[in-house]
Amino acid sequence: MRLVERAFELFFAGDFGAGRHLFPPAVVVIEDGNIPKGSTWVGHDGVWRWIHDDLGQLEGLKDVRFEVEHVVDAGDHVVVLIRMVAVHVTSCANVDLDYAQVWTIHDGQVSAIQVHLDRTNAFAAANAIEQISAR
């Protein structure tokens, strides 16, 4: 769990490169099908493209803030509940988005990240991965 917390510390500090050692060369990031422009990214360069692509989708928003609300240790998986809050530039409407990520830890590194708009799906995914891994 500390590994995931460290990755978020570096992300929030804007120091993406310093966290490269936290991920193996074959790391995979998968966004669920409910995410607009959702995709799959592979490798170190893929992780950085994922971060930059996601941040690029925030155009039209201001005062964007990400909050890690809760980190749940699920064995080899860590479920991270995240809230994004912002203000729409044109309408000045508040924007709140609750979502979750499932981080898979293998050999002391983050081998995969799954992003889910539905937090319930994130817990179900972590449970399913755990059951498959136990076989």
# chains A, B, ... in the order shown; residues from 1 in each chain; ligands from 1
call {"tool": "select_by_dssp", "arguments": {"residues": "range 13-101 of chain A", "states": "strand (DSSP E or B)", "output": "NGL selection string"}}
result
:A and (28-31 or 40-42 or 61-74 or 77-88 or 94-101)
call {"tool": "residues_around", "arguments": {"residues": "Gly60 in chain A", "least_positions_apart": "4", "cutoff": "8 Å", "atoms": "only C-alpha atoms", "output": "short mmCIF file (atom, residue, chain, number, x, y, z; two decimals) with N, CA, C and O atoms, in the first residue's frame"}}
result
data_model
loop_
_atom_site.label_atom_id
_atom_site.label_comp_id
_atom_site.auth_asym_id
_atom_site.auth_seq_id
_atom_site.Cartn_x
_atom_site.Cartn_y
_atom_site.Cartn_z
N HIS A 88 -16.27 24.37 -14.14
CA HIS A 88 -16.35 24.51 -15.58
C HIS A 88 -16.10 25.97 -15.95
O HIS A 88 -16.71 26.87 -15.39
N VAL A 89 -15.18 26.20 -16.89
CA VAL A 89 -14.76 27.56 -17.23
C VAL A 89 -15.92 28.41 -17.75
O VAL A 89 -16.11 29.54 -17.32
N THR A 90 -16.71 27.86 -18.66
CA THR A 90 -17.78 28.63 -19.29
C THR A 90 -18.98 28.84 -18.39
O THR A 90 -19.45 29.97 -18.22
#
call {"tool": "residues_around", "arguments": {"residues": "His21 in chain A", "least_positions_apart": "5", "cutoff": "12 Å", "atoms": "only C-alpha atoms", "output": "VMD selection string"}}
result
chain A and resid 3 6 to 7 10 16 27 43 to 44 108 to 111
call {"tool": "residues_around", "arguments": {"residues": "Lys37 in chain A", "least_positions_apart": "6", "cutoff": "12 Å", "atoms": "only C-alpha atoms", "output": "PyMOL selection string"}}
result
chain A and resi 30-31+50+53-54+56-57
call {"tool": "closest_residue", "arguments": {"among": "A:Phe11, A:Arg65, A:His116, A:Phe123", "to": "His52 in chain A", "atoms": "only C-alpha atoms"}}
result
A:Phe11
call {"tool": "residues_around", "arguments": {"residues": "range 105-107 of chain A", "least_positions_apart": "6", "cutoff": "12 Å", "atoms": "only C-alpha atoms", "output": "PyMOL selection string"}}
result
chain A and resi 1-4+22-24+26-28+73-79+113-114+126+129-130+133
call {"tool": "closest_residue", "arguments": {"among": "A:Leu58, A:Ala18, A:Ile35, A:Val87", "to": "Tyr99 in chain A", "atoms": "only C-alpha atoms"}}
result
A:Ile35
call {"tool": "decode", "arguments": {"residues": "chain A", "atoms": "C-alpha atoms", "output": "CSV table (one decimal), in the first residue's frame"}}
result
chain,number,residue,atom,x,y,z
A,1,MET,CA,0.0,0.0,0.0
A,2,ARG,CA,2.9,2.3,0.7
A,3,LEU,CA,4.1,1.9,-2.9
A,4,VAL,CA,0.8,3.3,-4.2
A,5,GLU,CA,0.8,6.2,-1.7
A,6,ARG,CA,4.3,7.1,-2.8
A,7,ALA,CA,3.2,7.1,-6.5
A,8,PHE,CA,0.4,9.5,-5.6
A,9,GLU,CA,2.8,11.7,-3.6
A,10,LEU,CA,5.0,12.0,-6.7
A,11,PHE,CA,2.0,12.6,-9.0
A,12,PHE,CA,0.7,15.4,-6.8
A,13,ALA,CA,4.2,16.9,-6.6
A,14,GLY,CA,4.3,16.9,-10.4
A,15,ASP,CA,7.4,14.7,-10.4
A,16,PHE,CA,6.3,11.9,-12.8
A,17,GLY,CA,9.9,10.8,-13.7
A,18,ALA,CA,10.9,10.2,-10.1
A,19,GLY,CA,8.3,7.4,-9.9
A,20,ARG,CA,9.5,5.4,-12.9
A,21,HIS,CA,11.2,2.8,-10.7
A,22,LEU,CA,7.8,2.0,-9.1
A,23,PHE,CA,6.6,0.4,-12.4
A,24,PRO,CA,8.1,-2.6,-14.3
A,25,PRO,CA,8.8,-2.0,-18.1
A,26,ALA,CA,5.6,-4.0,-19.0
A,27,VAL,CA,3.2,-2.1,-16.7
A,28,VAL,CA,-0.3,-1.9,-18.1
A,29,VAL,CA,-3.0,0.8,-17.5
A,30,ILE,CA,-6.6,0.0,-18.5
A,31,GLU,CA,-9.5,2.3,-18.4
A,32,ASP,CA,-13.0,0.8,-18.3
A,33,GLY,CA,-15.3,1.2,-21.3
A,34,ASN,CA,-17.4,3.8,-19.5
A,35,ILE,CA,-14.6,6.4,-19.7
A,36,PRO,CA,-14.8,8.7,-22.7
A,37,LYS,CA,-11.7,8.1,-24.8
A,38,GLY,CA,-10.8,5.3,-22.5
A,39,SER,CA,-7.9,3.2,-23.7
A,40,THR,CA,-5.1,0.8,-22.7
A,41,TRP,CA,-1.5,2.0,-22.2
A,42,VAL,CA,1.6,-0.3,-21.9
A,43,GLY,CA,5.0,0.4,-20.5
A,44,HIS,CA,6.7,3.4,-18.9
A,45,ASP,CA,6.0,5.6,-21.8
A,46,GLY,CA,2.4,4.4,-21.8
A,47,VAL,CA,1.9,5.4,-18.1
A,48,TRP,CA,3.2,8.9,-18.8
A,49,ARG,CA,1.0,9.2,-21.9
A,50,TRP,CA,-2.0,8.0,-19.8
A,51,ILE,CA,-1.3,10.7,-17.2
A,52,HIS,CA,-0.9,13.4,-19.8
A,53,ASP,CA,-3.9,12.3,-21.9
A,54,ASP,CA,-6.1,12.3,-18.8
A,55,LEU,CA,-4.9,15.7,-17.8
A,56,GLY,CA,-5.4,16.9,-21.4
A,57,GLN,CA,-9.1,16.0,-21.1
A,58,LEU,CA,-9.5,18.6,-18.3
A,59,GLU,CA,-9.5,21.5,-20.8
A,60,GLY,CA,-12.5,23.7,-20.1
A,61,LEU,CA,-12.1,23.2,-16.4
A,62,LYS,CA,-10.3,25.3,-13.8
A,63,ASP,CA,-9.3,24.9,-10.2
A,64,VAL,CA,-8.9,21.2,-10.8
A,65,ARG,CA,-8.1,19.2,-7.7
A,66,PHE,CA,-7.7,15.5,-7.2
A,67,GLU,CA,-8.3,14.0,-3.7
A,68,VAL,CA,-7.4,10.5,-2.6
A,69,GLU,CA,-10.3,9.8,-0.3
A,70,HIS,CA,-9.4,6.3,0.8
A,71,VAL,CA,-6.9,3.6,0.1
A,72,VAL,CA,-8.0,0.0,0.6
A,73,ASP,CA,-5.4,-2.8,0.9
A,74,ALA,CA,-6.8,-5.8,-0.8
A,75,GLY,CA,-3.8,-8.1,-0.7
A,76,ASP,CA,-1.8,-7.9,-4.0
A,77,HIS,CA,-4.2,-5.2,-5.0
A,78,VAL,CA,-4.9,-1.7,-3.7
A,79,VAL,CA,-8.2,0.0,-4.4
A,80,VAL,CA,-7.9,3.8,-4.4
A,81,LEU,CA,-11.0,5.9,-4.2
A,82,ILE,CA,-10.5,9.3,-5.8
A,83,ARG,CA,-12.5,12.5,-6.2
A,84,MET,CA,-11.8,15.1,-8.8
A,85,VAL,CA,-13.3,18.5,-8.2
A,86,ALA,CA,-13.2,21.4,-10.6
A,87,VAL,CA,-15.1,24.4,-12.0
A,88,HIS,CA,-16.3,24.5,-15.6
A,89,VAL,CA,-14.8,27.6,-17.2
A,90,THR,CA,-17.8,28.6,-19.3
A,91,SER,CA,-20.7,27.9,-17.0
A,92,CYS,CA,-18.9,28.2,-13.7
A,93,ALA,CA,-20.7,25.0,-12.6
A,94,ASN,CA,-19.0,22.8,-10.0
A,95,VAL,CA,-17.8,19.5,-11.4
A,96,ASP,CA,-17.4,16.5,-9.1
A,97,LEU,CA,-16.3,13.1,-10.2
A,98,ASP,CA,-15.9,10.1,-8.0
A,99,TYR,CA,-14.0,7.1,-9.4
A,100,ALA,CA,-11.6,4.3,-8.4
A,101,GLN,CA,-8.4,2.7,-9.4
A,102,VAL,CA,-7.3,-0.9,-8.8
A,103,TRP,CA,-3.5,-1.1,-8.5
A,104,THR,CA,-1.9,-4.6,-8.8
A,105,ILE,CA,1.3,-5.1,-7.0
A,106,HIS,CA,3.7,-7.8,-8.1
A,107,ASP,CA,7.4,-8.2,-7.0
A,108,GLY,CA,7.4,-4.9,-5.3
A,109,GLN,CA,6.2,-2.8,-8.3
A,110,VAL,CA,2.9,-1.7,-9.7
A,111,SER,CA,2.3,-4.1,-12.6
A,112,ALA,CA,-1.2,-2.8,-13.6
A,113,ILE,CA,-3.7,-0.1,-12.9
A,114,GLN,CA,-7.3,-0.4,-13.8
A,115,VAL,CA,-9.5,2.8,-13.8
A,116,HIS,CA,-13.2,2.5,-13.1
A,117,LEU,CA,-15.8,5.2,-13.1
A,118,ASP,CA,-18.0,3.0,-11.0
A,119,ARG,CA,-16.4,2.4,-7.6
A,120,THR,CA,-18.4,-0.8,-7.1
A,121,ASN,CA,-16.9,-2.2,-10.3
A,122,ALA,CA,-13.4,-1.5,-8.9
A,123,PHE,CA,-14.0,-3.6,-5.8
A,124,ALA,CA,-15.5,-6.4,-7.9
A,125,ALA,CA,-12.5,-6.3,-10.3
A,126,ALA,CA,-10.0,-6.5,-7.4
A,127,ASN,CA,-12.0,-9.5,-6.0
A,128,ALA,CA,-12.1,-11.2,-9.4
A,129,ILE,CA,-8.4,-10.7,-10.0
A,130,GLU,CA,-7.6,-12.1,-6.5
A,131,GLN,CA,-9.8,-15.2,-7.2
A,132,ILE,CA,-8.1,-15.8,-10.6
A,133,SER,CA,-4.6,-15.4,-9.1
A,134,ALA,CA,-5.5,-17.9,-6.3
A,135,ARG,CA,-6.1,-20.7,-8.9
